[in-house]
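Structure file work_35.txt (compact mmCIF, C-alpha atoms and all ligand atoms) is printed below.
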# COMPACT_ATOMS: atom_id res chain seq x y z
CA MET A 1 -87.19 -5.26 17.06
CA ALA A 2 -85.24 -8.18 18.51
CA TYR A 3 -82.38 -9.52 16.47
CA THR A 4 -82.88 -12.78 14.58
CA VAL A 5 -80.14 -14.73 12.86
CA PRO A 6 -80.60 -14.34 9.10
CA LYS A 7 -80.16 -17.16 6.66
CA LEU A 8 -77.19 -16.42 4.42
CA THR A 9 -77.44 -16.77 0.69
CA ASN A 10 -74.48 -14.58 -0.19
CA TYR A 11 -71.15 -15.83 1.22
CA SER A 12 -68.92 -13.06 -0.14
CA ALA A 13 -66.46 -11.45 2.27
CA ALA A 14 -68.50 -8.24 2.34
CA ALA A 15 -71.75 -10.07 3.11
CA LEU A 16 -70.10 -12.06 5.91
CA GLU A 17 -68.67 -8.91 7.41
CA ARG A 18 -72.09 -7.22 7.34
CA ALA A 19 -73.79 -10.21 8.96
CA ALA A 20 -71.12 -10.36 11.68
CA SER A 21 -71.33 -6.67 12.44
CA GLU A 22 -75.15 -6.80 12.73
CA LEU A 23 -74.84 -9.69 15.14
CA LEU A 24 -72.23 -7.90 17.26
CA SER A 25 -74.21 -4.67 17.46
CA ALA A 26 -77.28 -6.64 18.60
CA LEU A 27 -75.09 -8.27 21.23
CA GLY A 28 -73.86 -4.85 22.37
CA ARG A 29 -77.42 -3.46 22.64
CA GLU A 30 -78.76 -6.44 24.53
CA SER A 31 -75.91 -6.72 27.00
CA ALA A 32 -76.08 -2.96 27.72
CA VAL A 33 -79.54 -3.28 29.23
CA VAL A 34 -78.71 -6.12 31.63
CA LYS A 35 -79.47 -4.78 35.12
CA ASN A 36 -79.79 -7.81 37.35
CA GLU A 37 -79.24 -11.51 37.54
CA ALA A 38 -82.58 -12.35 35.91
CA ASP A 39 -81.75 -10.13 32.90
CA TRP A 40 -78.34 -11.70 32.66
CA LYS A 41 -79.74 -15.23 32.61
CA ILE A 42 -82.06 -14.27 29.76
CA LEU A 43 -79.09 -12.81 27.85
CA ARG A 44 -76.98 -15.92 28.49
CA ASP A 45 -79.70 -18.33 27.41
CA ARG A 46 -80.66 -16.33 24.34
CA TRP A 47 -77.05 -16.24 23.08
CA MET A 48 -75.43 -19.32 24.50
CA ALA A 49 -78.13 -21.97 25.08
CA ARG A 50 -77.03 -25.18 23.46
CA LYS A 51 -80.53 -25.66 22.08
CA ASN A 52 -81.38 -22.84 19.68
CA GLY A 53 -79.17 -20.17 21.24
CA ILE A 54 -77.83 -17.60 18.76
CA LEU A 55 -74.40 -19.27 18.70
CA THR A 56 -76.02 -22.59 17.86
CA GLN A 57 -78.06 -20.89 15.16
CA ILE A 58 -75.11 -19.28 13.42
CA ASN A 59 -73.38 -22.62 13.48
CA ASP A 60 -76.40 -24.29 11.87
CA LEU A 61 -77.51 -21.54 9.50
CA TRP A 62 -74.17 -20.02 8.46
CA LEU A 63 -71.51 -22.69 8.82
CA LYS A 64 -73.44 -25.83 7.96
CA GLY A 65 -75.21 -24.05 5.08
CA ALA A 66 -71.97 -22.63 3.64
CA PRO A 67 -70.76 -23.84 0.23
CA LYS A 68 -67.62 -25.93 0.32
CA GLU A 69 -65.26 -23.16 -0.84
CA ALA A 70 -66.47 -20.74 1.89
CA LYS A 71 -66.40 -23.28 4.77
CA ARG A 72 -62.95 -22.37 6.01
CA GLU A 73 -63.61 -18.66 6.16
CA VAL A 74 -67.07 -19.03 7.71
CA GLY A 75 -65.63 -21.45 10.27
CA GLN A 76 -63.07 -18.88 11.37
CA LEU A 77 -65.75 -16.20 11.54
CA VAL A 78 -68.08 -18.37 13.63
CA ASN A 79 -65.25 -19.24 16.02
CA SER A 80 -64.34 -15.60 16.43
CA LEU A 81 -67.99 -14.62 17.06
CA LYS A 82 -68.29 -17.44 19.55
CA SER A 83 -65.42 -16.17 21.67
CA GLN A 84 -66.66 -12.57 21.46
CA VAL A 85 -70.15 -13.60 22.59
CA GLU A 86 -68.80 -15.68 25.45
CA ALA A 87 -66.56 -12.84 26.58
CA LYS A 88 -69.37 -10.30 26.42
CA VAL A 89 -71.76 -12.52 28.40
CA ALA A 90 -69.05 -13.12 31.03
CA ILE A 91 -68.38 -9.37 31.30
CA SER A 92 -72.10 -8.62 31.68
CA GLN A 93 -72.20 -11.02 34.57
CA LEU A 94 -69.26 -9.33 36.24
CA ALA A 95 -70.85 -5.93 35.66
CA ILE A 96 -73.92 -6.79 37.72
CA GLY A 97 -71.76 -8.23 40.50
CA VAL A 98 -72.88 -11.83 40.28
CA ARG A 99 -70.30 -14.07 41.87
CA PHE A 100 -68.11 -15.55 39.23
CA PRO A 101 -68.84 -19.26 38.92
CA LYS A 102 -65.68 -21.35 39.11
CA GLN A 103 -66.18 -23.08 35.81
CA SER A 104 -66.59 -19.87 33.82
CA VAL A 105 -63.78 -18.58 31.70
CA PRO A 106 -62.50 -15.30 33.11
CA VAL A 107 -61.69 -12.38 30.86
CA PRO A 108 -58.28 -11.32 32.14
CA ALA A 109 -58.49 -7.69 31.03
CA ASP A 110 -61.55 -7.17 33.20
CA TRP A 111 -60.40 -8.74 36.45
CA GLY A 112 -58.92 -5.54 37.77
CA ALA A 113 -62.14 -3.60 37.25
CA VAL A 114 -64.27 -6.20 38.95
CA PHE A 115 -62.41 -7.14 42.10
CA PRO A 116 -62.16 -4.65 44.93
CA SER A 117 -58.64 -3.50 45.72
CA SER A 118 -58.54 -5.67 48.86
CA GLU A 119 -58.54 -8.76 46.64
CA LYS A 120 -55.84 -7.59 44.28
CA VAL A 121 -52.55 -9.45 44.20
CA ASP A 122 -49.86 -7.88 46.37
CA ILE A 123 -46.92 -7.89 43.99
CA THR A 124 -44.52 -6.90 46.76
CA LEU A 125 -44.88 -10.29 48.49
CA PRO A 126 -41.97 -12.70 47.91
CA GLY A 127 -42.59 -15.31 45.22
CA ILE A 128 -42.69 -19.06 45.61
CA ARG A 129 -39.21 -20.49 45.25
CA ARG A 130 -39.13 -23.71 43.24
CA PRO A 131 -35.90 -25.65 43.74
CA ILE A 132 -34.53 -26.70 40.36
CA GLY A 133 -32.82 -29.84 41.65
CA ALA A 134 -29.62 -31.39 40.32
CA GLU A 135 -28.54 -34.12 37.96
CA HIS A 136 -28.96 -37.57 39.53
CA PRO A 137 -25.56 -39.13 40.39
CA VAL A 138 -26.27 -42.18 38.20
CA MET A 139 -27.26 -40.01 35.24
CA ARG A 140 -24.22 -37.81 35.77
CA THR A 141 -21.90 -40.83 35.87
CA SER A 142 -23.50 -42.20 32.74
CA ARG A 143 -23.22 -38.91 30.90
CA GLU A 144 -19.59 -38.43 31.91
CA MET A 145 -18.65 -41.94 30.79
CA VAL A 146 -20.49 -41.49 27.49
CA ALA A 147 -18.64 -38.21 26.97
CA VAL A 148 -15.28 -40.01 27.28
CA PHE A 149 -16.23 -42.26 24.37
CA GLN A 150 -17.76 -39.43 22.36
CA LYS A 151 -14.36 -37.75 22.44
CA LEU A 152 -12.97 -40.92 20.84
CA GLY A 153 -15.47 -40.55 17.99
CA TYR A 154 -18.19 -42.86 19.27
CA SER A 155 -21.81 -41.90 18.64
CA VAL A 156 -24.69 -42.57 21.04
CA ALA A 157 -27.22 -45.29 20.14
CA ASP A 158 -30.57 -46.03 21.73
CA GLY A 159 -33.16 -48.82 21.66
CA PRO A 160 -36.38 -50.06 23.29
CA VAL A 161 -36.48 -51.13 26.95
CA ILE A 162 -39.20 -53.70 26.14
CA GLU A 163 -37.45 -56.13 23.81
CA THR A 164 -38.14 -59.37 22.02
CA ASP A 165 -36.43 -62.60 23.04
CA TYR A 166 -34.74 -62.52 19.63
CA TYR A 167 -32.83 -59.28 20.19
CA ASN A 168 -32.19 -59.79 23.90
CA PHE A 169 -30.94 -63.39 23.63
CA GLU A 170 -31.04 -65.28 20.37
CA ALA A 171 -29.19 -62.80 18.14
CA LEU A 172 -26.59 -62.38 20.88
CA ASN A 173 -25.73 -66.05 20.72
CA PHE A 174 -27.88 -67.21 23.64
CA PRO A 175 -29.67 -70.14 21.94
CA PRO A 176 -33.02 -71.29 23.43
CA ASN A 177 -32.50 -73.41 26.58
CA HIS A 178 -28.84 -72.35 26.80
CA PRO A 179 -27.72 -72.26 30.46
CA ALA A 180 -26.25 -68.76 29.96
CA ARG A 181 -29.82 -67.44 29.91
CA ASP A 182 -30.14 -68.46 33.56
CA THR A 183 -27.45 -65.94 34.51
CA GLN A 184 -29.83 -63.14 33.56
CA ASP A 185 -33.01 -63.51 35.62
CA THR A 186 -35.44 -62.17 33.08
CA LEU A 187 -38.75 -60.39 33.58
CA PHE A 188 -41.09 -61.53 30.79
CA VAL A 189 -44.30 -59.78 29.79
CA ALA A 190 -47.17 -62.07 30.91
CA GLY A 191 -49.62 -63.96 28.69
CA GLN A 192 -47.42 -64.69 25.65
CA GLN A 193 -47.23 -68.49 25.82
CA THR A 194 -48.89 -68.85 22.43
CA LYS A 195 -46.23 -66.75 20.66
CA PRO A 196 -43.06 -68.29 19.22
CA LEU A 197 -40.20 -67.88 21.73
CA ARG A 198 -38.23 -65.38 19.65
CA GLU A 199 -41.20 -62.97 19.47
CA ARG A 200 -41.99 -62.98 23.19
CA LEU A 201 -41.58 -59.62 24.90
CA LEU A 202 -39.39 -59.06 27.94
CA LEU A 203 -37.74 -56.20 29.77
CA ARG A 204 -34.24 -56.11 28.31
CA THR A 205 -31.68 -57.59 30.69
CA HIS A 206 -28.79 -55.69 29.11
CA THR A 207 -28.25 -52.90 26.58
CA SER A 208 -26.67 -55.37 24.13
CA PRO A 209 -29.81 -55.74 21.93
CA VAL A 210 -29.05 -52.21 20.72
CA GLN A 211 -25.82 -53.58 19.22
CA ILE A 212 -27.80 -55.88 16.92
CA ARG A 213 -30.41 -53.24 16.16
CA THR A 214 -27.70 -50.75 15.21
CA MET A 215 -25.81 -53.24 13.04
CA GLU A 216 -29.08 -54.01 11.21
CA LYS A 217 -29.41 -50.30 10.38
CA MET A 218 -25.79 -49.20 9.83
CA ARG A 219 -23.10 -50.84 7.78
CA PRO A 220 -19.57 -51.15 9.19
CA PRO A 221 -17.45 -49.43 10.32
CA ILE A 222 -19.33 -48.43 13.47
CA ARG A 223 -18.37 -47.11 16.86
CA ILE A 224 -21.28 -46.69 19.23
CA VAL A 225 -21.85 -46.21 22.93
CA ILE A 226 -25.21 -47.21 24.40
CA PRO A 227 -26.40 -45.89 27.77
CA GLY A 228 -29.73 -47.24 29.04
CA THR A 229 -32.03 -48.76 31.62
CA VAL A 230 -32.19 -52.55 32.05
CA HIS A 231 -34.21 -54.88 34.30
CA ARG A 232 -33.58 -58.20 35.99
CA ASN A 233 -35.56 -60.22 38.47
CA ASP A 234 -33.20 -59.38 41.35
CA PRO A 235 -34.69 -58.55 44.74
CA PRO A 236 -33.45 -55.13 45.87
CA ASP A 237 -30.55 -55.06 48.35
CA ALA A 238 -27.43 -52.97 48.94
CA SER A 239 -25.83 -54.03 45.65
CA HIS A 240 -28.80 -55.25 43.54
CA SER A 241 -31.86 -53.62 42.06
CA PRO A 242 -34.52 -54.94 39.66
CA MET A 243 -33.84 -51.80 37.57
CA PHE A 244 -30.37 -50.51 36.86
CA HIS A 245 -28.31 -48.73 34.19
CA GLN A 246 -25.71 -49.96 31.78
CA ILE A 247 -23.30 -48.33 29.39
CA GLU A 248 -22.25 -50.48 26.55
CA GLY A 249 -19.93 -49.97 23.60
CA LEU A 250 -19.29 -51.58 20.26
CA ALA A 251 -16.61 -50.98 17.62
CA VAL A 252 -16.62 -52.89 14.33
CA ASP A 253 -14.23 -52.43 11.42
CA THR A 254 -11.68 -54.41 9.46
CA ASN A 255 -8.63 -55.53 11.45
CA ILE A 256 -9.88 -54.64 14.93
CA THR A 257 -7.84 -56.58 17.44
CA PHE A 258 -7.79 -57.26 21.17
CA GLY A 259 -5.01 -54.66 21.31
CA ASP A 260 -7.51 -52.02 20.16
CA LEU A 261 -9.90 -53.13 22.89
CA LYS A 262 -7.24 -52.86 25.59
CA GLY A 263 -5.93 -49.53 24.37
CA THR A 264 -9.38 -47.98 24.09
CA LEU A 265 -10.60 -49.13 27.50
CA ASP A 266 -7.33 -48.28 29.25
CA HIS A 267 -7.52 -44.76 27.83
CA ALA A 268 -11.21 -44.42 28.78
CA MET A 269 -10.57 -45.47 32.41
CA LYS A 270 -7.69 -43.00 32.74
CA GLU A 271 -9.94 -40.26 31.36
CA PHE A 272 -12.72 -41.14 33.77
CA PHE A 273 -10.94 -42.08 37.00
CA GLY A 274 -7.70 -40.14 36.57
CA SER A 275 -4.45 -40.76 34.75
CA SER A 276 -2.87 -42.71 37.63
CA VAL A 277 -5.22 -45.73 37.45
CA LYS A 278 -3.90 -48.95 35.99
CA THR A 279 -6.01 -51.53 34.20
CA SER A 280 -5.85 -55.31 34.22
CA PHE A 281 -7.71 -57.86 32.11
CA ARG A 282 -8.67 -61.35 33.29
CA PRO A 283 -10.29 -64.10 31.19
CA SER A 284 -14.05 -64.48 31.50
CA PHE A 285 -17.07 -65.78 29.58
CA PHE A 286 -19.94 -64.03 27.79
CA PRO A 287 -21.98 -65.76 25.07
CA PHE A 288 -21.64 -62.85 22.64
CA THR A 289 -17.87 -62.29 22.86
CA GLU A 290 -14.94 -64.60 22.23
CA PRO A 291 -12.46 -64.27 23.83
CA SER A 292 -14.04 -62.47 26.79
CA ALA A 293 -12.46 -60.62 29.68
CA GLU A 294 -13.25 -58.75 32.84
CA MET A 295 -11.43 -55.48 33.24
CA PHE A 296 -10.22 -54.29 36.63
CA VAL A 297 -8.93 -50.84 37.51
CA SER A 298 -6.47 -50.25 40.30
CA CYS A 299 -8.45 -49.06 43.34
CA PHE A 300 -8.84 -45.29 43.01
CA ILE A 301 -9.89 -45.10 46.67
CA CYS A 302 -6.82 -46.64 48.36
CA GLY A 303 -4.47 -46.14 45.41
CA GLY A 304 -4.10 -49.91 45.03
CA SER A 305 -2.62 -50.53 48.48
CA GLY A 306 -5.74 -52.21 49.92
CA ARG A 307 -5.46 -49.94 53.00
CA ARG A 308 -6.75 -46.43 53.49
CA GLY A 309 -6.66 -43.52 55.89
CA SER A 310 -4.18 -42.63 58.61
CA ASP A 311 -5.19 -45.71 60.63
CA ASN A 312 -4.48 -48.02 57.70
CA ALA A 313 -8.07 -49.32 57.72
CA PRO A 314 -8.90 -52.11 55.27
CA CYS A 315 -10.29 -50.71 51.98
CA ARG A 316 -13.78 -52.12 51.54
CA PRO A 317 -14.58 -51.17 47.91
CA CYS A 318 -11.65 -53.24 46.60
CA LYS A 319 -11.89 -55.85 49.38
CA GLN A 320 -8.23 -55.04 50.15
CA THR A 321 -7.11 -56.47 46.82
CA GLY A 322 -6.19 -53.10 45.35
CA TRP A 323 -8.31 -53.84 42.26
CA ILE A 324 -11.93 -53.11 41.39
CA GLU A 325 -13.81 -55.00 38.69
CA ILE A 326 -15.34 -52.39 36.42
CA LEU A 327 -16.58 -53.96 33.19
CA GLY A 328 -16.94 -56.99 30.96
CA CYS A 329 -15.58 -56.98 27.43
CA GLY A 330 -14.36 -59.10 24.55
CA MET A 331 -14.07 -59.57 20.82
CA VAL A 332 -17.50 -59.86 19.14
CA ASP A 333 -18.29 -63.56 18.63
CA PRO A 334 -18.43 -64.40 14.89
CA ASN A 335 -21.80 -66.09 15.57
CA VAL A 336 -23.24 -62.66 16.44
CA PHE A 337 -22.06 -61.22 13.10
CA GLU A 338 -23.84 -64.10 11.33
CA PHE A 339 -27.19 -62.55 12.36
CA VAL A 340 -26.35 -59.29 10.53
CA LYS A 341 -24.12 -60.77 7.83
CA ASP A 342 -26.36 -59.43 5.03
CA ASN A 343 -25.67 -55.84 6.10
CA GLY A 344 -21.92 -56.06 5.53
CA TYR A 345 -20.87 -57.88 8.71
CA ASP A 346 -19.19 -60.89 7.15
CA PRO A 347 -17.27 -62.43 10.09
CA LYS A 348 -14.48 -63.34 7.66
CA LYS A 349 -14.00 -59.67 6.77
CA VAL A 350 -14.86 -57.62 9.87
CA SER A 351 -14.01 -57.91 13.53
CA GLY A 352 -14.90 -55.85 16.54
CA PHE A 353 -14.96 -55.51 20.28
CA ALA A 354 -17.73 -54.83 22.77
CA PHE A 355 -17.81 -53.83 26.41
CA GLY A 356 -20.44 -53.18 29.05
CA MET A 357 -20.46 -51.69 32.52
CA GLY A 358 -22.94 -50.77 35.24
CA ALA A 359 -23.44 -47.02 35.61
CA ASP A 360 -24.97 -47.48 39.07
CA ARG A 361 -22.02 -49.52 40.34
CA ILE A 362 -19.53 -46.97 39.06
CA ALA A 363 -21.58 -44.18 40.68
CA LEU A 364 -21.52 -46.10 43.99
CA LEU A 365 -17.74 -46.32 43.84
CA LYS A 366 -17.20 -42.80 42.60
CA TYR A 367 -19.40 -41.12 45.22
CA GLY A 368 -18.57 -43.52 48.07
CA VAL A 369 -22.20 -44.60 48.57
CA ASP A 370 -22.60 -47.98 50.26
CA ASP A 371 -26.25 -48.76 49.44
CA LEU A 372 -27.50 -48.94 45.85
CA GLN A 373 -31.09 -48.43 47.03
CA ALA A 374 -30.25 -44.88 48.11
CA PHE A 375 -30.08 -43.94 44.42
CA PHE A 376 -33.65 -45.03 43.71
CA GLN A 377 -35.60 -44.09 46.84
CA GLY A 378 -36.00 -40.47 45.80
CA ASP A 379 -35.02 -39.10 49.22
CA VAL A 380 -34.29 -35.43 48.60
CA ARG A 381 -31.91 -35.26 51.60
CA PHE A 382 -29.72 -37.90 49.98
CA LEU A 383 -29.86 -36.41 46.50
CA GLN A 384 -29.17 -32.85 47.72
CA GLN A 385 -25.63 -33.90 48.60
CA PHE A 386 -24.84 -34.18 44.89
CA ALA A 387 -26.28 -30.80 43.92
ZN ZN B 401 -9.06 -50.06 47.64

Would you mind writing the file out in structure tokens?
Ligand SMILES: [Zn+2]
Amino acid sequence: MAYTVPKLTNYSAAALERAASELLSALGRESAVVKNEADWKILRDRWMARKNGILTQINDLWLKGAPKEAKREVGQLVNSLKSQVEAKVAISQLAIGVRFPKQSVPVPADWGAVFPSSEKVDITLPGIRRPIGAEHPVMRTSREMVAVFQKLGYSVADGPVIETDYYNFEALNFPPNHPARDTQDTLFVAGQQTKPLRERLLLRTHTSPVQIRTMEKMRPPIRIVIPGTVHRNDPPDASHSPMFHQIEGLAVDTNITFGDLKGTLDHAMKEFFGSSVKTSFRPSFFPFTEPSAEMFVSCFICGGSGRRGSDNAPCRPCKQTGWIEILGCGMVDPNVFEFVKDNGYDPKKVSGFAFGMGADRIALLKYGVDDLQAFFQGDVRFLQQFA
């Protein structure tokens, strides 16, 4: 007599086991007599048809009818029976030599038995070599520079690339309509005219918002270094890109002076470029530091002479001046501390310095590349040189 799915009234472990074993022995009997494709289709439909197939029935009669406390166990049982039925039906199909439809799930253990030896995998053939690539020169530069500061006890901080106007400008002492905003051609997210200015979203133009975000979370003293991607509305050319990378640093404590700034950055440049480089600071302006400076290092390509090679050719990277501008820095403007005053940054009690540099520009100099675009075009022939 053909198997029918019983209704369960007893959900004890023993009863479930008995019901499962009756179902599986019926499956075994029925699949054993499959001789051709027509038989197999009957088997498949009887067990797997979505409408009233045996799998659907056990789901309806056993699982849905199960009392709450037995649901979990019955669910596991039904899942297990489902995979056993599917496997058995797939094997029956293979056994009668029907071509395996692409969408069916193969049963790995049975592949070898089914395919003739001519279709077996030749394990003596060489494998497919997948090149593992190398660290991108910009990422490597960034990581090496970050490592210099980590050795000085700095920790790495991170923040969102899509920022609000507040963190990117206002809290860094760029008031609305301040001309300093024009120096950073900003890419705004469209359709936000109805929002208040400080909530409008933009692609951060520098990594400095992370300074504010970190000071909101951590009380002084802090020493952080912030590597990250930034965007500006600059058309791409040999020295500009709408997307580039910065490395920024911030140290805040009591009694931090400009002497600490100079000592720290001089040490970092000697670590990074070699102990023979000299550093020089020249006055500059940034809204979020006061006083501000640009730091130059003596040209590590021509050794500061402005001429290079045996033919005394003019040194292009330093424009024959012997100095290369490498970063901007300064003492944190007390106005910036006002925005995080409640978290322990009283400008009367703490002071600090900040600095920021372009990882891409340093990579250009370090690797002697003359076109910034080469870093972002993804040409494997270019990148292979750094492997
Ligand atoms: Zn030079």

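Distance check against A:Thr183 using all atoms listed in the file: of A:Pro347, A:Leu372, A:Thr214, A:Pro287, the minimum falls on A:Pro287.
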
Find the residues near A:Ser241: any atom within 10 Å, counting only C-alpha atoms, skip ones fewer than 4 places away on the same chain, and give them as an NGL selection string. :A and (231-237 or 245 or 360 or 372-373 or 376)

With all atoms listed in the file counted, collect every polymer residue having an atom within 7 Å of ligand ZN 401 (chain B); state the result as a short mmCIF file (atom, residue, chain, number, x, y, z; two decimals) with C-alpha atoms, in the frame of the given file.
data_model
loop_
_atom_site.label_atom_id
_atom_site.label_comp_id
_atom_site.auth_asym_id
_atom_site.auth_seq_id
_atom_site.Cartn_x
_atom_site.Cartn_y
_atom_site.Cartn_z
CA CYS A 299 -8.45 -49.06 43.34
CA PHE A 300 -8.84 -45.29 43.01
CA ILE A 301 -9.89 -45.10 46.67
CA CYS A 302 -6.82 -46.64 48.36
CA GLY A 303 -4.47 -46.14 45.41
CA GLY A 304 -4.10 -49.91 45.03
CA SER A 305 -2.62 -50.53 48.48
CA GLY A 306 -5.74 -52.21 49.92
CA ARG A 307 -5.46 -49.94 53.00
CA CYS A 315 -10.29 -50.71 51.98
CA ARG A 316 -13.78 -52.12 51.54
CA PRO A 317 -14.58 -51.17 47.91
CA CYS A 318 -11.65 -53.24 46.60
CA LYS A 319 -11.89 -55.85 49.38
CA GLN A 320 -8.23 -55.04 50.15
CA THR A 321 -7.11 -56.47 46.82
CA GLY A 322 -6.19 -53.10 45.35
CA TRP A 323 -8.31 -53.84 42.26
#

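Interatomic distance, atom CA of A:Gly249 against atom CA of A:Glu338: 19.1 Å.
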
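Ranking A:Met243, A:Ala70, A:Val230, A:Ala38 by their shortest atom-to-atom distance to A:Ser12, with all atoms listed in the file included, puts A:Ala70 first.
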
Which residues of stretch 124-159 of chain A come within 8 Å of stretch 268-279 of chain A, and for each one, what is the closest pair of atoms and their distance in Å to one decimal, counting only C-alpha atoms, sorted by chain and residue number, as JSON lines?
{"residue": "A:Glu144", "atom": "CA", "partner": "A:Phe272", "partner_atom": "CA", "distance": 7.6}
{"residue": "A:Met145", "atom": "CA", "partner": "A:Phe272", "partner_atom": "CA", "distance": 6.7}
{"residue": "A:Val148", "atom": "CA", "partner": "A:Ala268", "partner_atom": "CA", "distance": 6.2}
{"residue": "A:Phe149", "atom": "CA", "partner": "A:Ala268", "partner_atom": "CA", "distance": 7.0}

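The nearest approach to A:Val350 among the residues A:Glu294, A:Asp253, A:Asp165, A:Asp122, with all atoms listed in the file taken into account, belongs to A:Asp253.
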
Quick one: residues within 8 Å of A:Ala19, all atoms listed in the file, excluding same-chain residues fewer than 4 positions away - as a PyMOL selection string? chain A and resi 6+15+23

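Every protein, DNA or RNA residue with an atom at most 7 Å from A:Asn168, where only C-alpha atoms count and chain neighbours fewer than 3 positions away do not, is listed here: Glu163, Thr164, Asp165, Leu172, Arg204 and Pro209 of chain A.
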
Coordinates-based distance that separates atom CA of A:Asn52 from atom CA of A:Gly65 (Å, one decimal):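 One can read the atom CA of A:Gly65 to atom CA of A:Asn52 distance as 15.9 Å.
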
Using all atoms listed in the file, determine which residues lie at most 12 Å from A:Asp60, disregarding the query and same-chain residues fewer than 3 positions distant; provide the list as a VMD selection string. chain A and resid 5 to 8 50 to 57 63 to 66 74 to 75 78

Would you mind telling me which residue in A:Ala354, A:Val336, A:Leu77, A:Ala2 lies nearest to A:Thr257 when using all atoms listed in the file?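 Residue with the minimum atom-to-atom distance to A:Thr257: A:Ala354.
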
Judged by all atoms listed in the file, the minimum distance to A:Ala251 among A:Met215, A:Leu27, A:Ala374, A:Ala49 is found for A:Met215

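Note that atom CA of A:Val138 and atom CA of A:Gly263 are 25.7 Å apart.
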
With only C-alpha atoms as the basis for distance, which of A:Pro220, A:Gly153, A:Pro160, A:Pro176 is at the shortest distance from A:His206?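 Nearest candidate to A:His206 out of A:Pro220, A:Gly153, A:Pro160, A:Pro176: A:Pro160.
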
Can you list, as a PyMOL selection string, every protein, DNA or RNA residue that comes within 9 Å of A:Phe281 when you count all atoms listed in the file, leaving out same-chain residues fewer than 5 positions away? chain A and resi 262+293-297
